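protein00.tsv (TSV, C-alpha atoms) appears below.
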chain	number	residue	atom	x	y	z
D	588	MET	CA	-34.02	22.20	51.95
D	589	THR	CA	-32.83	22.37	48.30
D	590	GLU	CA	-34.24	19.93	45.76
D	591	THR	CA	-31.91	18.84	42.94
D	592	THR	CA	-32.96	16.89	39.83
D	593	VAL	CA	-30.24	14.76	38.22
D	594	GLY	CA	-30.67	13.79	34.54
D	595	ILE	CA	-28.83	10.71	33.26
D	596	GLY	CA	-27.89	10.70	29.57
D	597	GLY	CA	-29.61	13.98	28.98
D	598	ALA	CA	-30.01	14.94	25.30
D	599	ALA	CA	-27.99	11.88	24.29
D	600	GLU	CA	-30.50	10.85	21.64
D	601	SER	CA	-30.17	14.12	19.74
D	602	THR	CA	-26.33	14.26	19.85
D	603	ASP	CA	-24.18	12.86	17.04
D	604	MET	CA	-21.17	10.79	17.98
D	605	VAL	CA	-17.84	11.76	16.41
D	606	LEU	CA	-15.47	8.82	15.93
D	607	ASN	CA	-11.85	9.09	14.83
D	608	ILE	CA	-10.47	6.10	12.92
D	609	GLY	CA	-6.70	6.52	12.94
D	610	PRO	CA	-4.31	8.10	12.34
D	611	GLN	CA	-2.57	4.98	13.68
D	612	HIS	CA	-4.88	2.11	12.94
D	613	PRO	CA	-4.09	-1.21	11.19
D	614	SER	CA	-6.92	-0.92	8.67
D	615	THR	CA	-5.91	2.55	7.43
D	616	HIS	CA	-2.73	1.27	5.66
D	617	GLY	CA	-0.69	3.89	7.50
D	618	VAL	CA	-1.24	7.25	9.11
D	619	LEU	CA	-4.59	8.21	7.61
D	620	ARG	CA	-7.32	9.61	9.86
D	621	LEU	CA	-11.04	9.37	9.17
D	622	ARG	CA	-13.35	11.66	11.10
D	623	LEU	CA	-16.74	9.96	11.15
D	624	VAL	CA	-20.00	11.43	12.43
D	625	LEU	CA	-22.26	8.57	13.52
D	626	ASP	CA	-25.95	8.18	14.19
D	627	GLY	CA	-25.93	4.90	16.07
D	628	GLU	CA	-24.26	2.40	13.73
D	629	VAL	CA	-24.83	4.51	10.60
D	630	ILE	CA	-22.20	6.91	9.25
D	631	ARG	CA	-23.72	10.34	8.58
D	632	SER	CA	-20.59	12.06	7.26
D	633	ALA	CA	-16.95	11.20	6.71
D	634	GLU	CA	-13.91	13.43	6.35
D	635	PRO	CA	-10.50	12.00	5.38
D	636	VAL	CA	-7.85	13.93	7.30
D	637	VAL	CA	-4.50	13.68	5.50
D	638	GLY	CA	-1.03	15.18	5.78
D	639	TYR	CA	0.57	13.22	8.62
D	640	MET	CA	3.28	11.89	6.27
D	641	HIS	CA	3.76	15.06	4.21
D	642	ARG	CA	7.46	15.51	3.33
D	643	GLY	CA	7.15	18.35	0.84
D	644	ALA	CA	8.36	16.21	-2.07
D	645	GLU	CA	7.32	18.79	-4.67
D	646	LYS	CA	9.48	21.44	-3.00
D	647	LEU	CA	12.38	19.01	-2.65
D	648	PHE	CA	12.24	18.42	-6.42
D	649	GLU	CA	13.27	22.06	-6.90
D	650	ALA	CA	16.48	21.57	-4.89
D	651	ARG	CA	17.71	18.43	-6.69
D	652	ASP	CA	19.12	18.04	-10.19
D	653	TYR	CA	17.51	15.89	-12.86
D	654	ARG	CA	19.45	12.78	-11.83
D	655	GLN	CA	18.67	13.15	-8.14
D	656	ILE	CA	14.90	13.69	-8.42
D	657	VAL	CA	14.42	10.07	-9.51
D	658	MET	CA	15.20	9.12	-5.90
D	659	LEU	CA	12.38	11.35	-4.62
D	660	ALA	CA	9.91	10.16	-7.24
D	661	ASN	CA	9.92	6.49	-6.27
D	662	ARG	CA	9.20	7.08	-2.58
D	663	HIS	CA	5.70	8.54	-2.45
D	664	ASP	CA	4.11	5.25	-3.54
D	665	TRP	CA	6.55	2.63	-2.32
D	666	LEU	CA	4.52	-0.20	-3.86
D	667	SER	CA	4.80	1.37	-7.35
D	668	ALA	CA	8.35	2.70	-7.17
D	669	PHE	CA	9.47	1.72	-10.69
D	670	SER	CA	6.33	3.15	-12.32
D	671	SER	CA	6.71	6.42	-10.40
D	672	GLU	CA	10.31	6.79	-11.59
D	673	LEU	CA	9.09	6.41	-15.16
D	674	GLY	CA	6.92	9.53	-15.11
D	675	VAL	CA	9.82	11.74	-14.05
D	676	VAL	CA	12.36	10.49	-16.59
D	677	MET	CA	9.75	10.56	-19.37
D	678	ALA	CA	8.98	14.22	-18.58
D	679	VAL	CA	12.68	15.17	-18.69
D	680	GLU	CA	13.26	13.15	-21.88
D	681	ARG	CA	10.31	14.92	-23.50
D	682	MET	CA	11.78	18.31	-22.56
D	683	LEU	CA	15.14	17.27	-24.05
D	684	GLY	CA	13.55	15.77	-27.18
D	685	MET	CA	15.46	12.59	-26.41
D	686	GLU	CA	14.90	9.20	-28.05
D	687	VAL	CA	15.37	6.19	-25.76
D	688	PRO	CA	17.01	3.03	-27.22
D	689	GLU	CA	14.51	0.35	-28.25
D	690	ARG	CA	15.96	-2.19	-25.85
D	691	ALA	CA	15.40	0.21	-22.93
D	692	VAL	CA	11.81	0.88	-24.04
D	693	TRP	CA	10.92	-2.81	-23.91
D	694	ALA	CA	12.84	-3.40	-20.68
D	695	ARG	CA	11.02	-0.48	-19.05
D	696	THR	CA	7.65	-1.87	-20.15
D	697	LEU	CA	8.51	-5.33	-18.81
D	698	LEU	CA	9.70	-3.99	-15.44
D	699	ALA	CA	6.69	-1.66	-15.14
D	700	GLU	CA	4.32	-4.63	-15.55
D	701	LEU	CA	6.29	-6.71	-13.02
D	702	ASN	CA	5.96	-3.75	-10.63
D	703	ARG	CA	2.19	-3.67	-11.31
D	704	VAL	CA	1.86	-7.34	-10.37
D	705	LEU	CA	3.88	-6.78	-7.17
D	706	ASN	CA	1.63	-3.87	-6.23
D	707	HIS	CA	-1.60	-5.75	-6.92
D	708	LEU	CA	-0.49	-8.88	-5.07
D	709	MET	CA	-0.03	-6.80	-1.92
D	710	PHE	CA	-3.65	-5.65	-2.05
D	711	LEU	CA	-5.02	-9.02	-3.20
D	712	GLY	CA	-3.51	-10.47	-0.02
D	713	SER	CA	-4.13	-7.65	2.45
D	714	TYR	CA	-7.75	-6.85	1.53
D	715	PRO	CA	-9.14	-10.26	2.60
D	716	LEU	CA	-7.01	-9.90	5.77
D	717	GLU	CA	-8.98	-6.77	6.69
D	718	LEU	CA	-12.19	-8.76	6.35
D	719	GLY	CA	-10.95	-11.56	8.61
D	720	GLY	CA	-9.27	-13.94	6.14
D	721	ILE	CA	-5.60	-14.38	7.00
D	722	THR	CA	-4.64	-17.15	4.54
D	723	PRO	CA	-4.52	-15.14	1.24
D	724	VAL	CA	-1.79	-12.80	2.51
D	725	PHE	CA	0.61	-15.75	2.90
D	726	HIS	CA	-0.03	-16.78	-0.70
D	727	ALA	CA	0.42	-13.18	-1.87
D	728	PHE	CA	3.78	-12.80	-0.17
D	729	ARG	CA	5.06	-16.08	-1.60
D	730	GLU	CA	4.26	-14.90	-5.13
D	731	ARG	CA	5.70	-11.46	-4.39
D	732	GLU	CA	8.99	-13.00	-3.24
D	733	GLU	CA	9.39	-14.88	-6.53
D	734	LEU	CA	8.98	-11.67	-8.52
D	735	GLN	CA	10.95	-9.54	-6.05
D	736	ALA	CA	13.91	-11.86	-6.56
D	737	VAL	CA	14.16	-11.11	-10.30
D	738	MET	CA	13.52	-7.38	-9.77
D	739	GLU	CA	16.28	-7.31	-7.17
D	740	GLU	CA	18.63	-9.20	-9.47
D	741	ALA	CA	18.17	-6.58	-12.19
D	742	SER	CA	18.17	-3.39	-10.12
D	743	GLY	CA	19.75	-4.22	-6.78
D	744	GLY	CA	16.70	-2.89	-4.90
D	745	ARG	CA	13.64	-4.52	-3.41
D	746	MET	CA	11.44	-1.44	-2.88
D	747	HIS	CA	13.19	1.62	-4.29
D	748	TYR	CA	14.65	0.26	-7.50
D	749	MET	CA	16.41	3.42	-8.76
D	750	PHE	CA	16.83	1.67	-12.11
D	751	ASN	CA	15.47	4.36	-14.45
D	752	ARG	CA	17.76	7.05	-15.76
D	753	VAL	CA	17.14	10.01	-18.05
D	754	GLY	CA	17.79	8.43	-21.45
D	755	GLY	CA	17.13	4.79	-20.51
D	756	LEU	CA	18.12	2.44	-17.72
D	757	LYS	CA	20.99	2.31	-15.24
D	758	GLU	CA	22.55	-0.73	-16.95
D	759	ASP	CA	21.71	-3.73	-19.09
D	760	LEU	CA	19.83	-6.69	-17.67
D	761	PRO	CA	21.91	-9.62	-16.30
D	762	ALA	CA	22.78	-12.57	-18.54
D	763	GLY	CA	20.07	-15.24	-18.47
D	764	TRP	CA	17.71	-12.89	-16.62
D	765	THR	CA	14.84	-13.16	-19.11
D	766	GLY	CA	14.74	-16.93	-18.66
D	767	ARG	CA	14.52	-16.58	-14.88
D	768	VAL	CA	11.73	-14.02	-15.24
D	769	ARG	CA	9.81	-16.35	-17.55
D	770	GLN	CA	10.08	-19.15	-14.99
D	771	ALA	CA	9.01	-16.88	-12.11
D	772	VAL	CA	6.00	-15.61	-14.07
D	773	ALA	CA	4.97	-19.19	-14.97
D	774	ASP	CA	5.22	-20.23	-11.31
D	775	VAL	CA	3.13	-17.28	-10.13
D	776	ARG	CA	0.51	-17.78	-12.84
D	777	SER	CA	0.15	-21.47	-11.95
D	778	ARG	CA	-0.92	-20.50	-8.43
D	779	MET	CA	-3.08	-17.44	-9.16
D	780	ASP	CA	-6.27	-19.50	-9.14
D	781	VAL	CA	-6.03	-19.47	-5.34
D	782	TYR	CA	-7.65	-16.02	-5.40
D	783	ASP	CA	-10.54	-17.28	-7.51
D	784	ARG	CA	-11.15	-20.27	-5.27
D	785	LEU	CA	-10.07	-19.08	-1.84
D	786	VAL	CA	-11.22	-15.46	-2.00
D	787	LEU	CA	-13.82	-14.91	-4.72
D	788	GLY	CA	-15.31	-18.33	-4.02
D	789	ASN	CA	-15.73	-17.53	-0.33
D	790	GLU	CA	-19.35	-16.72	0.55
D	791	ILE	CA	-18.32	-14.61	3.56
D	792	PHE	CA	-16.02	-12.48	1.40
D	793	ARG	CA	-18.76	-12.01	-1.21
D	794	GLY	CA	-21.31	-11.20	1.49
D	795	ARG	CA	-19.04	-8.49	2.93
D	796	THR	CA	-18.23	-6.88	-0.45
D	797	ARG	CA	-21.12	-7.33	-2.92
D	798	GLY	CA	-23.29	-4.21	-3.10
D	799	ILE	CA	-21.15	-2.46	-0.46
D	800	GLY	CA	-19.56	0.94	-1.08
D	801	VAL	CA	-21.02	1.56	-4.55
D	802	LEU	CA	-19.15	4.40	-6.28
D	803	SER	CA	-21.10	5.97	-9.14
D	804	ARG	CA	-19.61	6.89	-12.47
D	805	GLU	CA	-20.52	10.54	-11.82
D	806	ALA	CA	-18.57	10.51	-8.54
D	807	VAL	CA	-15.56	9.00	-10.33
D	808	HIS	CA	-15.49	11.93	-12.75
D	809	ALA	CA	-16.23	14.52	-10.06
D	810	TYR	CA	-13.36	13.42	-7.79
D	811	GLY	CA	-10.85	12.54	-10.51
D	812	VAL	CA	-10.73	8.89	-9.44
D	813	SER	CA	-8.64	6.69	-11.73
D	814	GLY	CA	-7.13	3.23	-12.08
D	815	PRO	CA	-8.87	-0.04	-11.13
D	816	ILE	CA	-11.27	1.81	-8.81
D	817	ALA	CA	-12.59	3.97	-11.66
D	818	ARG	CA	-12.78	1.03	-14.05
D	819	ALA	CA	-14.78	-0.96	-11.49
D	820	SER	CA	-17.43	1.78	-11.79
D	821	GLY	CA	-17.64	1.48	-15.56
D	822	VAL	CA	-15.18	4.26	-16.51
D	823	ASP	CA	-13.25	2.53	-19.30
D	824	PHE	CA	-10.02	4.56	-19.27
D	825	ASP	CA	-6.46	3.26	-19.28
D	826	LEU	CA	-3.53	5.36	-20.48
D	827	ARG	CA	-1.65	2.29	-21.69
D	828	ARG	CA	-4.35	1.79	-24.33
D	829	ASP	CA	-5.85	5.29	-24.76
D	830	GLU	CA	-2.59	7.29	-24.86
D	831	PRO	CA	0.12	4.67	-25.35
D	832	TYR	CA	3.63	5.26	-24.03
D	833	LEU	CA	6.70	3.00	-23.88
D	834	ALA	CA	5.92	-0.14	-25.92
D	835	TYR	CA	2.20	-0.38	-25.07
D	836	GLY	CA	1.19	0.71	-28.57
D	837	GLU	CA	2.68	-2.54	-29.90
D	838	LEU	CA	1.01	-4.65	-27.19
D	839	ALA	CA	-2.58	-3.74	-28.07
D	840	ASP	CA	-3.42	-7.37	-28.92
D	841	VAL	CA	-2.28	-8.53	-25.45
D	842	LEU	CA	-3.47	-5.63	-23.30
D	843	ARG	CA	-6.94	-6.17	-21.86
D	844	VAL	CA	-8.52	-3.46	-19.71
D	845	ALA	CA	-10.61	-4.95	-16.88
D	846	VAL	CA	-13.92	-3.08	-16.48
D	847	ARG	CA	-16.94	-3.70	-14.25
D	848	GLU	CA	-20.23	-1.81	-13.99
D	849	GLU	CA	-21.24	-2.53	-10.37
D	850	GLY	CA	-18.83	-0.08	-8.70
D	851	ASP	CA	-18.87	-1.97	-5.37
D	852	CYS	CA	-16.07	-3.43	-3.25
D	853	LEU	CA	-16.32	-6.80	-5.02
D	854	ALA	CA	-16.03	-5.19	-8.47
D	855	ARG	CA	-12.90	-3.30	-7.38
D	856	PHE	CA	-11.27	-6.51	-6.15
D	857	GLU	CA	-12.22	-8.33	-9.38
D	858	CYS	CA	-10.71	-5.53	-11.51
D	859	LEU	CA	-7.49	-5.77	-9.55
D	860	LEU	CA	-7.34	-9.54	-9.99
D	861	ASP	CA	-8.11	-9.41	-13.73
D	862	GLN	CA	-5.46	-6.74	-14.21
D	863	THR	CA	-2.89	-8.93	-12.43
D	864	HIS	CA	-3.59	-11.83	-14.81
D	865	ASN	CA	-3.25	-9.50	-17.80
D	866	SER	CA	0.01	-7.99	-16.55
D	867	LEU	CA	1.55	-11.46	-16.36
D	868	GLY	CA	0.59	-11.92	-20.01
D	869	LEU	CA	2.14	-8.55	-20.91
D	870	VAL	CA	5.39	-9.59	-19.20
D	871	ASP	CA	5.52	-12.72	-21.36
D	872	ALA	CA	4.91	-10.65	-24.52
D	873	CYS	CA	7.74	-8.26	-23.54
D	874	LEU	CA	10.07	-11.21	-22.90
D	875	ASP	CA	9.32	-12.61	-26.36
D	876	ARG	CA	10.15	-9.27	-27.98
D	877	MET	CA	13.29	-8.65	-25.91
D	878	GLU	CA	14.71	-12.07	-26.74
D	879	ALA	CA	14.23	-11.26	-30.44
D	880	LEU	CA	16.01	-7.89	-30.20
D	881	PRO	CA	19.69	-7.68	-31.17
D	882	PRO	CA	22.16	-6.61	-28.47
D	883	GLY	CA	22.33	-2.87	-28.06
D	884	PRO	CA	22.57	0.04	-25.64
D	885	VAL	CA	20.00	0.64	-22.89
D	886	ASN	CA	20.78	4.31	-22.26
D	887	GLN	CA	21.96	7.51	-23.89
D	888	ARG	CA	25.21	9.27	-23.10
D	889	LEU	CA	24.48	12.41	-21.09
D	890	PRO	CA	26.56	15.52	-20.35
D	891	LYS	CA	28.14	15.85	-16.92
D	892	VAL	CA	25.66	18.59	-16.00
D	893	LEU	CA	22.20	17.88	-17.39
D	894	LYS	CA	20.01	20.92	-18.05
D	895	ALA	CA	16.50	20.81	-19.49
D	896	PRO	CA	15.66	23.62	-21.95
D	897	GLU	CA	13.31	26.38	-20.83
D	898	GLY	CA	9.66	25.37	-21.10
D	899	HIS	CA	7.12	23.06	-19.52
D	900	THR	CA	5.61	19.64	-20.12
D	901	TYR	CA	3.29	17.11	-18.52
D	902	ALA	CA	3.97	13.37	-18.46
D	903	TRP	CA	1.42	10.94	-17.10
D	904	THR	CA	1.50	7.19	-16.74
D	905	GLU	CA	-0.97	4.46	-15.81
D	906	ASN	CA	0.48	3.53	-12.43
D	907	PRO	CA	-0.83	0.42	-10.63
D	908	LEU	CA	-3.14	2.54	-8.44
D	909	GLY	CA	-4.24	4.99	-11.13
D	910	VAL	CA	-3.06	7.99	-13.15
D	911	ASN	CA	0.26	9.44	-11.98
D	912	GLY	CA	1.33	12.73	-13.53
D	913	TYR	CA	4.30	15.10	-13.36
D	914	TYR	CA	4.06	18.70	-14.51
D	915	LEU	CA	7.61	19.91	-15.10
D	916	VAL	CA	8.55	23.57	-15.53
D	917	SER	CA	12.16	24.42	-16.46
D	918	LYS	CA	14.02	27.73	-16.58
D	919	GLY	CA	16.99	26.11	-18.32
D	920	GLU	CA	18.80	25.25	-15.09
D	921	LYS	CA	20.08	21.90	-13.82
D	922	THR	CA	17.18	21.70	-11.34
D	923	PRO	CA	13.42	21.93	-12.09
D	924	TYR	CA	11.87	25.36	-11.55
D	925	ARG	CA	8.65	23.56	-10.57
D	926	MET	CA	7.59	19.93	-10.39
D	927	LYS	CA	3.92	19.28	-9.61
D	928	LEU	CA	2.94	15.71	-8.74
D	929	ARG	CA	-0.53	14.35	-9.43
D	930	SER	CA	-0.74	11.13	-7.40
D	931	ALA	CA	-3.49	8.54	-7.85
D	932	SER	CA	-4.22	7.84	-4.17
D	933	PHE	CA	-4.77	11.53	-3.32
D	934	ASN	CA	-7.77	11.78	-5.65
D	935	ASN	CA	-9.04	8.27	-4.98
D	936	ILE	CA	-9.21	8.69	-1.20
D	937	GLN	CA	-11.34	11.86	-1.49
D	938	ALA	CA	-14.17	9.66	-2.75
D	939	LEU	CA	-14.59	8.33	0.81
D	940	ALA	CA	-16.55	11.49	1.62
D	941	GLU	CA	-19.06	10.31	-0.99
D	942	LEU	CA	-18.88	6.56	-0.30
D	943	LEU	CA	-19.15	6.30	3.48
D	944	PRO	CA	-22.27	8.37	4.41
D	945	GLY	CA	-25.28	6.08	4.82
D	946	THR	CA	-23.22	2.93	5.36
D	947	LEU	CA	-22.69	0.97	8.56
D	948	VAL	CA	-19.57	1.30	10.70
D	949	ALA	CA	-19.03	-2.45	10.20
D	950	ASP	CA	-18.70	-1.87	6.43
D	951	MET	CA	-16.29	1.06	6.79
D	952	VAL	CA	-13.14	-1.10	6.76
D	953	ALA	CA	-14.39	-3.08	3.73
D	954	ILE	CA	-14.95	0.14	1.79
D	955	LEU	CA	-11.72	1.78	2.93
D	956	GLY	CA	-9.59	-1.25	2.02
D	957	SER	CA	-11.20	-1.56	-1.42
D	958	LEU	CA	-9.79	1.83	-2.46
D	959	PHE	CA	-6.27	0.28	-2.60
D	960	PHE	CA	-4.24	3.33	-1.58
D	961	VAL	CA	-0.80	4.09	-0.19
D	962	VAL	CA	-0.75	6.88	2.40
D	963	GLY	CA	2.59	8.26	1.17
D	964	ASP	CA	0.96	8.68	-2.24
D	965	ILE	CA	-1.77	10.80	-0.62
D	966	ASP	CA	0.49	13.01	1.46
D	967	LYS	CA	3.55	13.29	-0.85
Whole structure given in structure tokens:
Amino acid sequence: MTETTVGIGGAAESTDMVLNIGPQHPSTHGVLRLRLVLDGEVIRSAEPVVGYMHRGAEKLFEARDYRQIVMLANRHDWLSAFSSELGVVMAVERMLGMEVPERAVWARTLLAELNRVLNHLMFLGSYPLELGGITPVFHAFREREELQAVMEEASGGRMHYMFNRVGGLKEDLPAGWTGRVRQAVADVRSRMDVYDRLVLGNEIFRGRTRGIGVLSREAVHAYGVSGPIARASGVDFDLRRDEPYLAYGELADVLRVAVREEGDCLARFECLLDQTHNSLGLVDACLDRMEALPPGPVNQRLPKVLKAPEGHTYAWTENPLGVNGYYLVSKGEKTPYRMKLRSASFNNIQALAELLPGTLVADMVAILGSLFFVVGDIDK
């Protein structure tokens, strides 16, 4: 007779559980995968696994001429398409030593701030949705539609505007457009208090975000985090003020950089909301200036085949989600020899490895959503 001992759940208490969040999960904003090691309900380590959407954009830049690469530039962060175009054309213009007409400078600034508001409204609506509040996203999309309408009227596009050109803009703005923008901005501003009352005034929202996912200032510097996430941790840095480009140098009295010291999920949301309010004010200031400008060109005449002189340059802009940079190397040909893209979301998402350990699984989605990223911007 053989005696057999059966153990149930043997060694279970000393074994860590590995949980994969994603890559296809509603709360990951796309195909992002998080590999979590859990001890019960507590996260012990977290590893963001990226690359599912990688298209090799940097390599594709090398096979397109300087007009065509604008199309590639506005697709990695589809919520910040206009701002992403800007970095590319500014880099090429710098290589060419080209001056952009004043009317185009102000129009670019105005459209970049409208794009910033559109980007932020998406996250102001979707972040409460991840925490169980469905109402704010309906408000956000109503406001987005008002602004999308005027962006579409000017450029013809709703997501990929393709309105920037080396030397200025594709064409002048439509007749009466500035008045319609002013009305749209006034309408949106009149309803923005819904986020103060409905979201920030909600005790459940505050309970789920206050003191959760605190990102230290040291971690911000270590990981190269930028944008509203960095400013929510007390890092007071904004390229529009600290290294002005376009017309931001003349808007110093209107530009207000939203900064918080807490570094938690609530502070990140508040920075985003404050920045949205300020961007609406910047749009109004740009409209005032544009209406005072005399009629004039919005682009420079370019040769049939555009070649940048041999050399290299780096152009960076304060995109809605953080610092976006293009390092351009030219060998004097009609295509870039090398174009290196520094995207905001790629650096920001790495901070999850620092933020998530020690937190509860229930708080993971709150922390993840508060980093306000676009997966295409991570993977490029």
Checklist line | Nearby residues (all atoms listed in the file) at most 10 Å from range 796-804 of chain D, same-chain spacing under 2 positions excluded, as an MDAnalysis selection string | finding: chainID D and resid 718 790:794 806:809 812 816:822 848:856 938:939 941:947 950:951 953:955 957:958
Residue contacts of Val870 in chain D (7 Å, only C-alpha atoms) excluding same-chain residues fewer than 5 positions away, as a PDB file with C-alpha atoms, in the frame of the given file:
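That gives us selection28.pdb:
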ATOM      1  CA  LEU D 697       8.510  -5.330 -18.810  1.00  0.00           C
ATOM      2  CA  GLU D 700       4.320  -4.630 -15.550  1.00  0.00           C
ATOM      3  CA  LEU D 701       6.290  -6.710 -13.020  1.00  0.00           C
TER       4      LEU D 701
END
Checklist line | Point-to-point distance in Å for CA of Met926 in chain D and CA of Leu705 in chain D | finding: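 Separation of CA of Leu705 in chain D and CA of Met926 in chain D: 27.2 Å.
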With only C-alpha atoms counted and 8 Å as the cut-off, give the residues of range 656-713 of chain D in contact with range 826-839 of chain D, each with its shortest interatomic distance in Å and the pair that gives it, as a Markdown table.
| residue | atom | partner | partner_atom | distance |
| --- | --- | --- | --- | --- |
| D:Val692 | CA | D:Leu833 | CA | 5.5 |
| D:Trp693 | CA | D:Ala834 | CA | 6.0 |
| D:Arg695 | CA | D:Leu833 | CA | 7.4 |
| D:Thr696 | CA | D:Leu833 | CA | 6.2 |
Note to self: Could you tell me how far CA of Ala741 in chain D sits from CA of Pro884 in chain D, in Å to one decimal place?
What the structure shows: 15.6 Å
Checklist line | One-decimal distance in Å that lies between CA of Lys967 in chain D and CA of His641 in chain D | finding: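 So the answer is 5.4 Å.
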Leaving out range 752-760 of chain D and any residue of its chain fewer than 4 positions from it, which residues lie within 9 Å of it when counting only C-alpha atoms, given as a PDB file with C-alpha atoms, in the coordinates of the input?
ATOM      1  CA  TYR D 653      17.510  15.890 -12.860  1.00  0.00           C
ATOM      2  CA  ARG D 654      19.450  12.780 -11.830  1.00  0.00           C
ATOM      3  CA  VAL D 657      14.420  10.070  -9.510  1.00  0.00           C
ATOM      4  CA  GLU D 672      10.310   6.790 -11.590  1.00  0.00           C
ATOM      5  CA  LEU D 673       9.090   6.410 -15.160  1.00  0.00           C
ATOM      6  CA  VAL D 675       9.820  11.740 -14.050  1.00  0.00           C
ATOM      7  CA  VAL D 676      12.360  10.490 -16.590  1.00  0.00           C
ATOM      8  CA  MET D 677       9.750  10.560 -19.370  1.00  0.00           C
ATOM      9  CA  VAL D 679      12.680  15.170 -18.690  1.00  0.00           C
ATOM     10  CA  GLU D 680      13.260  13.150 -21.880  1.00  0.00           C
ATOM     11  CA  MET D 685      15.460  12.590 -26.410  1.00  0.00           C
ATOM     12  CA  GLU D 686      14.900   9.200 -28.050  1.00  0.00           C
ATOM     13  CA  VAL D 687      15.370   6.190 -25.760  1.00  0.00           C
ATOM     14  CA  PRO D 688      17.010   3.030 -27.220  1.00  0.00           C
ATOM     15  CA  ARG D 690      15.960  -2.190 -25.850  1.00  0.00           C
ATOM     16  CA  ALA D 691      15.400   0.210 -22.930  1.00  0.00           C
ATOM     17  CA  VAL D 692      11.810   0.880 -24.040  1.00  0.00           C
ATOM     18  CA  ALA D 694      12.840  -3.400 -20.680  1.00  0.00           C
ATOM     19  CA  ARG D 695      11.020  -0.480 -19.050  1.00  0.00           C
ATOM     20  CA  GLU D 740      18.630  -9.200  -9.470  1.00  0.00           C
ATOM     21  CA  ALA D 741      18.170  -6.580 -12.190  1.00  0.00           C
ATOM     22  CA  SER D 742      18.170  -3.390 -10.120  1.00  0.00           C
ATOM     23  CA  TRP D 764      17.710 -12.890 -16.620  1.00  0.00           C
ATOM     24  CA  THR D 765      14.840 -13.160 -19.110  1.00  0.00           C
ATOM     25  CA  PRO D 884      22.570   0.040 -25.640  1.00  0.00           C
ATOM     26  CA  VAL D 885      20.000   0.640 -22.890  1.00  0.00           C
ATOM     27  CA  ASN D 886      20.780   4.310 -22.260  1.00  0.00           C
ATOM     28  CA  GLN D 887      21.960   7.510 -23.890  1.00  0.00           C
ATOM     29  CA  ARG D 888      25.210   9.270 -23.100  1.00  0.00           C
ATOM     30  CA  LEU D 889      24.480  12.410 -21.090  1.00  0.00           C
TER      31      LEU D 889
END
Note to self: Using all atoms listed in the file for the distances, tell me which of D:Met749, D:Leu893, D:Leu619, D:Ala727 is nearest to Asp780 in chain D.
What the structure shows: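 When distances to Asp780 in chain D are compared using all atoms listed in the file, the smallest one comes from D:Ala727.
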Next item on the list: Rank nothing, just name the residue among D:Ser813, D:Phe710, D:Asn865, D:Arg703 nearest to Arg776 in chain D, using all atoms listed in the file.
Entry: D:Asn865
Margin query: Here is a test: counting all atoms listed in the file, which residue of D:Val948, D:Asp966, D:Gly814, D:Ala668 is nearest to Asn935 in chain D?
Written below: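 Result for the nearest residue to Asn935 in chain D: D:Gly814.
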